[in-house]
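Colleague: One structure follows; several queries about it will come next.
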Amino acid sequence: MKTMKIVALPLLITLLQSSICLSVTVSSSKPKVEVHEHTDAVLACEFKTEKDQNPRIEWKKKGKGVTFVYFDRKFSGSYAGRAKIDGATLTIHSVTQKDSGDYRCEVTASEDHVNLGETSVSLNVLGKTEKMFPPHVPSCEVPSSVFAGLGLELLCKDKLSVPPATYRWYKDNKALTASADTPYSIDTHKGTLKFKSVSKADSGMYRCESSNSVGAPKSCVAQHLKVIEYQLSLTTLIAGAVGLFLLIFMCCLGVCLSRHRGCCKSDTKAYSHPPPPPPPPPPPTRNLKNYKHTQSFMI
């Protein structure tokens, strides 16, 4: 009995592995597609089979009912003559707003254990507006230098593109992708690249690219950002302290010498109060004995 269990266990594991491996997988690299009227729409569909090298591929459009787009290796209805298939990827030429909707790509591999796989792609066809402009060269604000440890925000703006542009930043010609582990964040709609705290590793050539659905992307000229590291060594601190001490000592010495030579003594004579003025003389007194009548008065 134990021998049967030992033999059955590896066999069960092998069957489980084969059921997992022998299956068709279907996915789309771009599950949401947005284009303008009278342009081409590419609905991506990628698949992988384990054994079947010639699987059956079908495309269907979901709505009130299910409409066959590609079935039995040929296009149906309005898609005949204006669509093509490449592998499992569907391209519809000169789309209209009626083509908007959800499409489903189905791959059937009869030789695989799990023989059916599918993925969905959403197509949105935009109507033409009166004024539409392709991307223009954006204005990029990148400082030439910044001290390490400081926060930094790089700005990018394209004011002329209609519909509004989305933005992508590059460092040394490599596209930057923000995540939870990166020391920066990117706002693709506002065109900002924010650093919480820059380091020496953030030095490099930065440029921004603007894009929309009308024309080809445009990029500003790459600008160099230099991150400066200021190092306060022990020698620098000691030299600064000694210099400050010598400056204070020289000031005190100068004050002492000035007082010793009398430059700072106050002139008591110059600043002494003057003596008070003498009192006025008393008025003269009349001597009646010597008084002489010099004039007579007649009444």
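Here, A, B, ... name the chains of the structure tokens in the order displayed, residue numbers run from 1 inside each chain, and ligands are numbered from 1 in the same displayed order.
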Enumerate, as number ranges by chain, the complete set of residues in region 115-148 of chain A that a backbone-based DSSP assignment places in strand (DSSP E).

Modeller: A: 116-126, 139-141, 145-147

Colleague: Which one is closest to Leu176 (chain A): A:Arg207, A:Lys200, A:Arg261, A:His93? Count only C-alpha atoms.

Modeller: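 Among the listed residues, the smallest separation from Leu176 (chain A) belongs to A:Arg207.
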
Colleague: In terms of the shortest atom-to-atom distance over only C-alpha atoms, which of A:Glu37, A:Asp158, A:Glu153, A:Glu141 is closest to Thr192 (chain A)?

Modeller: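 Answer, going by the shortest atom-to-atom distance: A:Glu153.
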
Colleague: Taking into account only C-alpha atoms, which residue in the set A:Arg73, A:Ser213, A:Lys171, A:Lys51 is nearest to His36 (chain A)?

Modeller: A:Ser213
